[in-house]
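J.: Input structure: start.cif, which contains mmCIF, C-alpha atoms (C1' of nucleotides).
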```cif
data_upload
#
loop_
_atom_site.label_atom_id
_atom_site.label_comp_id
_atom_site.auth_asym_id
_atom_site.auth_seq_id
_atom_site.Cartn_x
_atom_site.Cartn_y
_atom_site.Cartn_z
CA MET L 359 0.00 0.00 0.00
CA ASP L 360 1.60 3.12 -1.29
CA HIS L 361 1.68 6.38 0.63
CA ASN L 362 -0.20 8.11 -2.15
CA ASP L 363 -2.80 5.39 -2.53
CA THR L 364 -6.17 6.88 -1.63
CA SER L 365 -7.55 3.38 -1.17
CA ARG L 366 -5.37 2.85 1.87
CA ALA L 367 -6.84 2.66 5.36
CA LEU L 368 -7.64 5.81 7.23
CA ARG L 369 -6.39 6.30 10.74
CA LEU L 370 -8.08 9.19 12.41
CA ALA L 371 -5.11 9.99 14.63
CA GLU L 372 -2.98 10.52 11.53
CA PHE L 373 -5.56 12.30 9.45
CA LEU L 374 -4.39 15.85 8.77
CA PRO L 375 -7.73 17.66 9.05
CA TYR L 376 -8.35 15.91 12.36
CA ARG L 377 -4.94 16.79 13.70
CA LEU L 378 -5.33 20.41 12.70
CA SER L 379 -8.70 20.54 14.37
CA VAL L 380 -7.48 19.03 17.63
CA LEU L 381 -4.42 21.25 17.73
CA SER L 382 -6.34 24.40 16.96
CA ASN L 383 -8.99 23.55 19.53
CA THR L 384 -6.48 22.81 22.23
CA VAL L 385 -4.70 26.08 21.63
CA SER L 386 -7.85 28.17 21.29
CA THR L 387 -9.55 26.65 24.29
CA ALA L 388 -6.61 27.38 26.53
CA ILE L 389 -6.39 30.97 25.32
CA ALA L 390 -10.14 31.50 25.46
CA ALA L 391 -10.28 30.32 29.05
CA ASP L 392 -7.53 32.75 29.89
CA TYR L 393 -9.21 35.77 28.31
CA GLN L 394 -12.56 34.84 29.70
CA ARG L 395 -11.17 34.58 33.19
CA GLU L 396 -9.00 37.69 33.07
CA PHE L 397 -11.12 40.03 30.99
CA GLY L 398 -14.51 38.43 30.41
CA LEU L 399 -13.86 38.34 26.66
CA ASN L 400 -14.62 35.51 24.30
CA ILE L 401 -12.52 34.67 21.26
CA TRP L 402 -14.58 36.77 18.89
CA GLN L 403 -14.57 39.82 21.09
CA TRP L 404 -10.87 39.46 21.49
CA ARG L 405 -10.34 39.18 17.74
CA ILE L 406 -12.24 42.36 17.16
CA MET L 407 -10.29 44.19 19.82
CA ALA L 408 -7.14 42.88 18.22
CA VAL L 409 -7.88 44.27 14.76
CA ILE L 410 -9.33 47.54 16.00
CA GLY L 411 -6.44 47.98 18.39
CA GLU L 412 -4.14 47.42 15.43
CA SER L 413 -5.99 49.78 13.08
CA ALA L 414 -8.63 52.05 14.52
CA GLY L 415 -11.49 53.38 12.42
CA LEU L 416 -12.36 50.18 10.57
CA THR L 417 -15.98 49.39 9.81
CA ALA L 418 -17.65 46.13 10.77
CA SER L 419 -17.29 45.01 7.16
CA ASP L 420 -13.58 45.64 7.28
CA VAL L 421 -13.43 43.62 10.47
CA THR L 422 -15.38 40.82 8.84
CA ALA L 423 -12.89 40.71 6.00
CA ARG L 424 -9.89 40.69 8.31
CA THR L 425 -11.00 38.21 10.93
CA ALA L 426 -12.54 35.33 8.99
CA MET L 427 -15.65 35.85 11.09
CA ASP L 428 -19.06 36.20 9.53
CA LYS L 429 -20.89 39.49 9.75
CA VAL L 430 -23.39 38.23 12.29
CA ALA L 431 -20.65 37.20 14.67
CA VAL L 432 -18.97 40.57 14.20
CA SER L 433 -22.22 42.43 14.78
CA ARG L 434 -22.87 40.56 18.00
CA ALA L 435 -19.37 40.87 19.35
CA VAL L 436 -19.24 44.58 18.53
CA ALA L 437 -22.56 45.10 20.30
CA ALA L 438 -21.25 43.29 23.39
CA LEU L 439 -18.03 45.29 23.42
CA GLU L 440 -19.93 48.53 23.01
CA ALA L 441 -22.30 47.58 25.82
CA ARG L 442 -19.31 47.03 28.07
CA GLY L 443 -17.87 50.36 27.08
CA LEU L 444 -14.75 48.89 25.51
CA LEU L 445 -15.50 50.02 21.99
CA GLN L 446 -17.40 52.89 20.39
CA ARG L 447 -19.04 53.51 17.04
CA GLN L 448 -18.79 56.73 15.13
CA ALA L 449 -20.89 57.63 12.12
CA ASP L 450 -19.01 57.03 8.89
CA PRO L 451 -19.12 60.40 7.11
CA GLY L 452 -19.05 58.71 3.71
CA ASP L 453 -21.64 56.00 4.30
CA ALA L 454 -24.62 56.29 6.60
CA ARG L 455 -25.05 52.51 6.81
CA ALA L 456 -21.61 51.91 8.24
CA ALA L 457 -19.97 52.86 11.51
CA LEU L 458 -16.32 53.43 12.28
CA LEU L 459 -15.11 51.41 15.23
CA ASP L 460 -12.61 52.47 17.85
CA LEU L 461 -11.52 51.27 21.23
CA THR L 462 -12.54 53.47 24.12
CA GLU L 463 -9.98 54.45 26.68
CA SER L 464 -10.85 51.49 28.87
CA GLY L 465 -10.94 49.23 25.81
CA ARG L 466 -7.45 50.41 24.92
CA ALA L 467 -6.31 49.74 28.48
CA ILE L 468 -7.52 46.15 28.27
CA TYR L 469 -6.05 45.77 24.81
CA GLU L 470 -2.64 46.79 26.14
CA GLN L 471 -2.92 44.11 28.79
CA ILE L 472 -4.08 41.37 26.45
CA VAL L 473 -1.46 41.77 23.78
CA PRO L 474 1.44 40.59 25.94
CA LEU L 475 -0.63 37.68 27.20
CA ALA L 476 -1.49 36.66 23.67
CA LEU L 477 2.10 36.92 22.58
CA ALA L 478 3.17 34.85 25.56
CA HIS L 479 0.77 32.09 24.55
CA GLU L 480 2.17 32.16 21.06
CA ARG L 481 5.70 32.21 22.32
CA ARG L 482 5.16 29.23 24.55
CA LEU L 483 4.17 27.23 21.49
CA LEU L 484 6.94 28.54 19.29
CA ASP L 485 9.58 28.00 21.93
CA ALA L 486 9.12 24.28 21.42
CA LEU L 487 10.54 24.80 17.93
CA THR L 488 13.95 25.82 16.68
CA GLU L 489 14.30 29.06 14.75
CA GLN L 490 14.47 27.07 11.58
CA GLU L 491 11.38 25.09 12.42
CA GLN L 492 9.53 28.29 13.17
CA ARG L 493 10.33 29.61 9.73
CA ALA L 494 9.34 26.29 8.18
CA LEU L 495 6.05 26.39 10.04
CA GLU L 496 5.26 29.85 8.65
CA GLY L 497 5.76 28.63 5.13
CA LEU L 498 3.79 25.44 5.60
CA LEU L 499 0.84 27.22 7.14
CA ASP L 500 0.82 29.72 4.30
CA LYS L 501 0.83 26.98 1.71
CA LEU L 502 -1.84 24.95 3.43
CA ALA L 503 -4.02 27.98 4.04
CA SER L 504 -3.90 29.08 0.45
CA THR L 505 -4.53 25.57 -0.84
CA ALA L 506 -7.45 25.14 1.51
CA ALA L 507 -8.90 28.53 0.59
CA GLN L 508 -8.61 27.74 -3.10
CA GLY L 509 -10.63 24.61 -2.70
CA ARG L 510 -13.38 26.50 -0.99
CA SER L 511 -14.05 28.73 -3.95
CA LEU L 512 -13.94 25.90 -6.47
CA TRP L 513 -16.57 23.75 -4.81
CA MET C 722 11.70 45.44 18.23
CA ASP C 723 13.06 41.94 18.52
CA HIS C 724 11.26 38.88 17.23
CA ASN C 725 11.24 37.40 20.70
CA ASP C 726 10.09 40.56 22.40
CA THR C 727 6.65 39.93 23.87
CA SER C 728 6.07 43.66 24.10
CA ARG C 729 6.03 43.93 20.31
CA ALA C 730 2.82 44.72 18.45
CA LEU C 731 0.39 41.96 17.69
CA ARG C 732 -0.86 41.47 14.19
CA LEU C 733 -3.80 39.14 14.10
CA ALA C 734 -3.01 37.88 10.62
CA GLU C 735 0.38 36.68 11.84
CA PHE C 736 -0.74 35.35 15.19
CA LEU C 737 -0.21 31.59 15.29
CA PRO C 738 -3.35 30.61 17.22
CA TYR C 739 -5.42 32.67 14.82
CA ARG C 740 -3.80 31.17 11.77
CA LEU C 741 -4.30 27.66 13.08
CA SER C 742 -7.91 28.39 13.79
CA VAL C 743 -8.62 29.83 10.36
CA LEU C 744 -6.81 27.01 8.60
CA SER C 745 -8.52 24.32 10.61
CA ASN C 746 -11.93 25.92 10.08
CA THR C 747 -11.45 26.30 6.38
CA VAL C 748 -10.44 22.66 6.03
CA SER C 749 -13.11 21.31 8.34
CA THR C 750 -15.89 23.39 6.86
CA ALA C 751 -15.12 22.21 3.37
CA ILE C 752 -15.03 18.58 4.46
CA ALA C 753 -18.10 18.89 6.63
CA ALA C 754 -20.11 20.36 3.77
CA ASP C 755 -19.03 17.45 1.62
CA TYR C 756 -20.05 14.76 4.12
CA GLN C 757 -23.25 16.51 4.96
CA ARG C 758 -24.21 16.74 1.32
CA GLU C 759 -23.16 13.23 0.34
CA PHE C 760 -24.05 11.25 3.45
CA GLY C 761 -25.93 13.52 5.83
CA LEU C 762 -23.18 13.16 8.42
CA ASN C 763 -21.70 15.89 10.55
CA ILE C 764 -18.10 16.00 11.65
CA TRP C 765 -18.71 14.20 14.93
CA GLN C 766 -20.70 11.43 13.39
CA TRP C 767 -18.01 11.00 10.80
CA ARG C 768 -15.30 10.88 13.45
CA ILE C 769 -17.12 8.14 15.28
CA MET C 770 -17.61 6.14 12.14
CA ALA C 771 -13.94 6.61 11.41
CA VAL C 772 -12.75 5.15 14.71
CA ILE C 773 -15.33 2.38 14.82
CA GLY C 774 -14.64 1.52 11.21
CA GLU C 775 -10.98 1.32 12.14
CA SER C 776 -11.50 -0.76 15.29
CA ALA C 777 -14.90 -2.28 15.88
CA GLY C 778 -16.14 -3.12 19.36
CA LEU C 779 -14.99 0.02 21.14
CA THR C 780 -17.13 1.52 23.86
CA ALA C 781 -18.27 5.13 23.88
CA SER C 782 -15.57 5.85 26.45
CA ASP C 783 -12.94 4.43 24.16
CA VAL C 784 -14.28 6.62 21.40
CA THR C 785 -14.18 9.64 23.67
CA ALA C 786 -10.55 8.98 24.43
CA ARG C 787 -9.63 8.54 20.78
CA THR C 788 -11.50 11.40 19.19
CA ALA C 789 -10.88 14.39 21.45
CA MET C 790 -14.64 14.72 21.69
CA ASP C 791 -16.40 14.99 25.00
CA LYS C 792 -18.67 12.21 26.17
CA VAL C 793 -21.85 14.18 25.57
CA ALA C 794 -20.93 14.79 21.96
CA VAL C 795 -20.12 11.11 21.56
CA SER C 796 -23.38 10.08 23.18
CA ARG C 797 -25.39 12.29 20.87
CA ALA C 798 -23.57 11.32 17.72
CA VAL C 799 -23.81 7.62 18.57
CA ALA C 800 -27.54 7.98 19.18
CA ALA C 801 -27.99 9.70 15.82
CA LEU C 802 -25.97 7.05 13.99
CA GLU C 803 -27.90 4.28 15.69
CA ALA C 804 -31.20 5.95 14.81
CA ARG C 805 -30.13 6.00 11.18
CA GLY C 806 -29.16 2.36 11.35
CA LEU C 807 -25.50 3.00 10.61
CA LEU C 808 -24.21 1.78 13.95
CA GLN C 809 -25.34 -0.72 16.55
CA ARG C 810 -24.73 -1.22 20.24
CA GLN C 811 -24.11 -4.57 21.85
CA ALA C 812 -24.12 -5.25 25.55
CA ASP C 813 -20.61 -5.35 26.95
CA PRO C 814 -20.39 -8.77 28.65
CA GLY C 815 -17.94 -7.43 31.21
CA ASP C 816 -19.66 -4.15 32.11
CA ALA C 817 -23.39 -3.60 32.09
CA ARG C 818 -22.99 0.18 31.93
CA ALA C 819 -21.06 0.15 28.69
CA ALA C 820 -21.99 -0.85 25.15
CA LEU C 821 -19.77 -2.14 22.40
CA LEU C 822 -20.16 -0.20 19.18
CA ASP C 823 -20.05 -1.56 15.66
CA LEU C 824 -20.98 -0.37 12.24
CA THR C 825 -23.98 -2.05 10.71
CA GLU C 826 -23.78 -3.37 7.21
CA SER C 827 -25.10 -0.11 5.78
CA GLY C 828 -22.82 1.83 8.12
CA ARG C 829 -19.89 -0.12 6.81
CA ALA C 830 -20.99 0.56 3.24
CA ILE C 831 -21.00 4.29 3.88
CA TYR C 832 -17.71 4.07 5.71
CA GLU C 833 -16.12 2.44 2.69
CA GLN C 834 -17.32 5.32 0.57
CA ILE C 835 -16.20 8.05 2.92
CA VAL C 836 -12.66 6.87 3.50
CA PRO C 837 -11.48 7.55 -0.06
CA LEU C 838 -13.19 10.94 -0.01
CA ALA C 839 -11.51 11.84 3.24
CA LEU C 840 -8.14 10.72 1.96
CA ALA C 841 -8.66 12.73 -1.19
CA HIS C 842 -9.29 15.85 0.85
CA GLU C 843 -6.13 15.22 2.79
CA ARG C 844 -4.19 14.49 -0.34
CA ARG C 845 -5.28 17.69 -2.01
CA LEU C 846 -3.76 19.60 0.88
CA LEU C 847 -0.61 17.56 1.07
CA ASP C 848 -0.05 17.71 -2.66
CA ALA C 849 0.72 21.40 -2.25
CA LEU C 850 3.79 20.31 -0.29
CA THR C 851 6.94 18.49 -1.27
CA GLU C 852 7.65 15.11 0.28
CA GLN C 853 10.14 16.78 2.55
CA GLU C 854 7.69 19.44 3.60
CA GLN C 855 5.11 16.78 4.34
CA ARG C 856 7.50 15.08 6.72
CA ALA C 857 8.39 18.40 8.30
CA LEU C 858 4.72 19.15 8.80
CA GLU C 859 4.20 15.86 10.62
CA GLY C 860 6.95 16.67 13.04
CA LEU C 861 5.86 20.24 13.62
CA LEU C 862 2.28 19.27 14.28
CA ASP C 863 3.44 16.63 16.75
CA LYS C 864 5.59 19.09 18.60
CA LEU C 865 2.96 21.79 18.68
CA ALA C 866 0.25 19.38 19.74
CA SER C 867 2.27 18.01 22.59
CA THR C 868 3.33 21.46 23.74
CA ALA C 869 -0.25 22.69 23.59
CA ALA C 870 -1.53 19.64 25.44
CA GLN C 871 1.08 20.07 28.13
CA GLY C 872 -0.07 23.58 28.82
CA ARG C 873 -3.61 22.42 29.22
CA SER C 874 -2.82 20.16 32.12
CA LEU C 875 -0.63 22.70 33.88
CA TRP C 876 -3.20 25.48 33.91
"C1'" DG M 1152 -34.20 60.48 -11.65
"C1'" DA M 1153 -36.96 56.35 -10.92
"C1'" DA M 1154 -36.63 51.64 -10.53
"C1'" DA M 1155 -33.75 47.77 -9.72
"C1'" DT M 1156 -29.90 45.85 -7.45
"C1'" DA M 1157 -26.35 45.55 -4.11
"C1'" DT M 1158 -24.32 46.42 0.47
"C1'" DA M 1159 -23.96 47.44 5.84
"C1'" DG M 1160 -25.56 45.87 9.66
"C1'" DT M 1161 -29.29 43.78 12.80
"C1'" DT M 1162 -32.74 40.57 14.34
"C1'" DG M 1163 -35.31 36.12 14.73
"C1'" DC M 1164 -35.37 31.47 14.69
"C1'" DA M 1165 -33.82 26.93 14.61
"C1'" DT M 1166 -30.04 24.06 15.78
"C1'" DA M 1167 -25.66 22.98 17.97
"C1'" DT M 1168 -22.75 22.79 21.87
"C1'" DG M 1169 -20.98 22.90 26.74
"C1'" DT M 1170 -21.78 22.35 31.59
"C1'" DA M 1171 -23.89 20.33 35.29
"C1'" DA M 1172 -27.01 17.17 37.14
"C1'" DC M 1173 -28.62 12.75 36.90
"C1'" DT M 1174 -29.23 7.21 36.70
"C1'" DA M 1175 -27.26 2.92 36.89
"C1'" DA M 1176 -23.61 -0.13 37.49
"C1'" DA M 1177 -18.68 -1.13 39.27
"C1'" DA M 1178 -15.03 -0.90 42.28
"C1'" DG M 1179 -13.08 0.12 46.65
"C1'" DA M 1180 -13.18 0.79 51.64
"C1'" DT M 1181 -14.39 -0.71 56.27
"C1'" DA X 1019 -21.95 -7.28 53.52
"C1'" DT X 1020 -22.81 -2.45 53.49
"C1'" DC X 1021 -21.34 2.11 52.64
"C1'" DT X 1022 -18.70 5.27 49.68
"C1'" DT X 1023 -16.68 6.61 45.66
"C1'" DT X 1024 -15.87 6.22 40.86
"C1'" DT X 1025 -17.19 5.42 36.12
"C1'" DA X 1026 -20.39 4.83 31.71
"C1'" DG X 1027 -23.59 7.07 29.58
"C1'" DT X 1028 -27.86 10.15 29.17
"C1'" DT X 1029 -30.74 14.13 29.91
"C1'" DA X 1030 -31.82 19.01 30.85
"C1'" DC X 1031 -30.86 23.57 30.55
"C1'" DA X 1032 -28.61 27.60 29.29
"C1'" DT X 1033 -25.84 29.71 25.83
"C1'" DA X 1034 -23.62 30.02 21.32
"C1'" DT X 1035 -23.75 29.81 16.42
"C1'" DG X 1036 -25.34 29.82 11.61
"C1'" DC X 1037 -28.64 30.99 8.28
"C1'" DA X 1038 -32.29 33.54 6.37
"C1'" DA X 1039 -35.05 37.42 6.49
"C1'" DC X 1040 -35.19 42.13 7.34
"C1'" DT X 1041 -34.26 47.57 7.43
"C1'" DA X 1042 -31.87 51.24 5.76
"C1'" DT X 1043 -28.76 53.28 2.73
"C1'" DA X 1044 -25.83 53.26 -1.61
"C1'" DT X 1045 -25.06 52.25 -6.22
"C1'" DT X 1046 -26.24 51.04 -10.85
"C1'" DT X 1047 -29.08 50.97 -14.91
"C1'" DC X 1048 -32.09 52.73 -18.15
#
```
Translate this file's structure into structure tokens.

T.:
Amino acid sequence: MDHNDTSRALRLAEFLPYRLSVLSNTVSTAIAADYQREFGLNIWQWRIMAVIGESAGLTASDVTARTAMDKVAVSRAVAALEARGLLQRQADPGDARAALLDLTESGRAIYEQIVPLALAHERRLLDALTEQEQRALEGLLDKLASTAAQGRSLW
Amino acid sequence: MDHNDTSRALRLAEFLPYRLSVLSNTVSTAIAADYQREFGLNIWQWRIMAVIGESAGLTASDVTARTAMDKVAVSRAVAALEARGLLQRQADPGDARAALLDLTESGRAIYEQIVPLALAHERRLLDALTEQEQRALEGLLDKLASTAAQGRSLW
DNA sequence: GAAATATAGTTGCATATGTAACTAAAAGAT
DNA sequence: ATCTTTTAGTTACATATGCAACTATATTTC
């Protein structure tokens, strides 16, 4: 049975999509628990704070495009952040349907606290790899992501 | 700003946990849509069929241990598969609480059809990589998974 | 410059998922 | 042997999520 033979047996533990899913879930769950405990934020709220903290004045649509979240998830997370006073909406002068999003002062304060935590999580993972492996990982993830995304549009 | 400096800025698009999550979701969503359309199975049902197809006679607990699913998810997916006649439970002679799970004939028939599809999905991803990159990926995923899992127990 | 079409964002509803509580059987302790 | 604790699996409930329908504004077409 050849390695490329698609008629070979399938072992779940070795199946790439399964492994990616388990790895991603393990990582995300650990981080999510952390942010929930420390700041009462879920993953989606945190993602939005991350992109707005990085570039203020984006609209919800911009956020949707940059976070791989759907617009409903963005809408809900933005509403929750606004309700908590971490984020504010400003009328978009050029488009009355849209709103420009910014962190409030207290949102910014939390953002400044989260970033180092997030980077520490990432670092803990990357520290298990050599410099060379880290670079290899970058490249592999890029390739896989673009291959996977391609498929999506073709089907 | 040094690459190892945790006080550096955070860019979501380059943040490893985020990239893993997006990649895993893209892959899983594509596969899930496929299995849903072709066989009416969701990811969890498919995972259970995969492990039972691979080793018949496991209990739900065994499945829980091998699939990184929680026992409630396993219970529900097993119930759904049984209701559709794809899987059957047999009393465990040694433990009256447990049941031994097996694919039915029609379950087995579907299993035989899914395996090549699943492998084709995997192959499409891996074909974007050289042989060497594929081996590197294996190793990196192993390292990351074990590092991530370690964290989980410590926290 | 209407009418038709597309886009930004929200809401409602149906389903999925996670946590905790539960039942029944096993295993361990005294 | 009985009492206690653990384990297998299910059920109930509360919350999260995804999809479709909706409102309001922009954009395009004729």

J.: The PyMOL selection byres ((chain L) within 8 of (chain X)) on the file shown: which residues, as a ChimeraX atom specification?

T.: /L:453-455

J.: Of the candidates L:Leu368, L:Ile389, L:Met407, L:Ala431, which one gets nearest to chain M if we count only C-alpha atoms (C1' of nucleotides)?

T.: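 Nearest to chain M: L:Ala431.
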
J.: Counting all atoms listed in the file, which of C:Val793, C:Leu821, C:Ala781, C:Leu744 gets nearest to chain L?

T.: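 Of C:Val793, C:Leu821, C:Ala781, C:Leu744, the one nearest chain L, counting all atoms listed in the file, is C:Leu744.
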
J.: Residues of chain M within 8 Å of chain L, counting only C-alpha atoms (C1' of nucleotides) - could you list those as a ChimeraX atom specification?

T.: /M:1159-1161

J.: Could you tell me which residues the PyMOL selection byres ((chain L) within 6 of (chain C)) returns for this structure, as a count of residues only?

T.: 11

J.: By how many Å are C1' of DA1172 (chain M) and CA of Asn763 (chain C) apart?

T.: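 Taking C1' of DA1172 (chain M) and CA of Asn763 (chain C), their separation equals 27.1 Å.
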
J.: Between CA of Arg395 (chain L) and CA of Ala441 (chain L), what is the spacing in Å?

T.: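 Answer for the CA of Ala441 (chain L) to CA of Arg395 (chain L) separation: 18.6 Å.
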
J.: Given 8 Å of margin on each side, can you work out the centre and size in Å (one decimal) of an axis-aligned box holding every listed atom of region 1031-1045 of chain X, as AutoDock Vina command-line options?

T.:
```
--center_x -29.4 --center_y 38.4 --center_z 12.2 --size_x 27.6 --size_y 45.7 --size_z 52.8
```

J.: State, in Å with one decimal place, the distance from C1' of DT1158 (chain M) to CA of Ala435 (chain L).

T.: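 Between C1' of DT1158 (chain M) and CA of Ala435 (chain L) the gap works out to 20.3 Å.
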
J.: Compile the contact shell of Leu802 (chain C) as a VMD selection string: residues with an atom at most 12 Å away, counting all atoms listed in the file, same-chain residues fewer than 2 positions apart removed.

T.: chain C and resid 760 to 763 765 to 770 773 795 to 800 804 to 810 822 to 825 827 to 829 831

J.: Please dump the current selection as a PDB file, keeping the file's coordinate frame; keep C-alpha atoms.

T.:
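New file out_39.pdb:
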```pdb
ATOM      1  CA  PHE C 760     -24.050  11.250   3.450  1.00  0.00           C
ATOM      2  CA  GLY C 761     -25.930  13.520   5.830  1.00  0.00           C
ATOM      3  CA  LEU C 762     -23.180  13.160   8.420  1.00  0.00           C
ATOM      4  CA  ASN C 763     -21.700  15.890  10.550  1.00  0.00           C
ATOM      5  CA  TRP C 765     -18.710  14.200  14.930  1.00  0.00           C
ATOM      6  CA  GLN C 766     -20.700  11.430  13.390  1.00  0.00           C
ATOM      7  CA  TRP C 767     -18.010  11.000  10.800  1.00  0.00           C
ATOM      8  CA  ARG C 768     -15.300  10.880  13.450  1.00  0.00           C
ATOM      9  CA  ILE C 769     -17.120   8.140  15.280  1.00  0.00           C
ATOM     10  CA  MET C 770     -17.610   6.140  12.140  1.00  0.00           C
ATOM     11  CA  ILE C 773     -15.330   2.380  14.820  1.00  0.00           C
ATOM     12  CA  VAL C 795     -20.120  11.110  21.560  1.00  0.00           C
ATOM     13  CA  SER C 796     -23.380  10.080  23.180  1.00  0.00           C
ATOM     14  CA  ARG C 797     -25.390  12.290  20.870  1.00  0.00           C
ATOM     15  CA  ALA C 798     -23.570  11.320  17.720  1.00  0.00           C
ATOM     16  CA  VAL C 799     -23.810   7.620  18.570  1.00  0.00           C
ATOM     17  CA  ALA C 800     -27.540   7.980  19.180  1.00  0.00           C
ATOM     18  CA  ALA C 804     -31.200   5.950  14.810  1.00  0.00           C
ATOM     19  CA  ARG C 805     -30.130   6.000  11.180  1.00  0.00           C
ATOM     20  CA  GLY C 806     -29.160   2.360  11.350  1.00  0.00           C
ATOM     21  CA  LEU C 807     -25.500   3.000  10.610  1.00  0.00           C
ATOM     22  CA  LEU C 808     -24.210   1.780  13.950  1.00  0.00           C
ATOM     23  CA  GLN C 809     -25.340  -0.720  16.550  1.00  0.00           C
ATOM     24  CA  ARG C 810     -24.730  -1.220  20.240  1.00  0.00           C
ATOM     25  CA  LEU C 822     -20.160  -0.200  19.180  1.00  0.00           C
ATOM     26  CA  ASP C 823     -20.050  -1.560  15.660  1.00  0.00           C
ATOM     27  CA  LEU C 824     -20.980  -0.370  12.240  1.00  0.00           C
ATOM     28  CA  THR C 825     -23.980  -2.050  10.710  1.00  0.00           C
ATOM     29  CA  SER C 827     -25.100  -0.110   5.780  1.00  0.00           C
ATOM     30  CA  GLY C 828     -22.820   1.830   8.120  1.00  0.00           C
ATOM     31  CA  ARG C 829     -19.890  -0.120   6.810  1.00  0.00           C
ATOM     32  CA  ILE C 831     -21.000   4.290   3.880  1.00  0.00           C
TER      33      ILE C 831
END
```
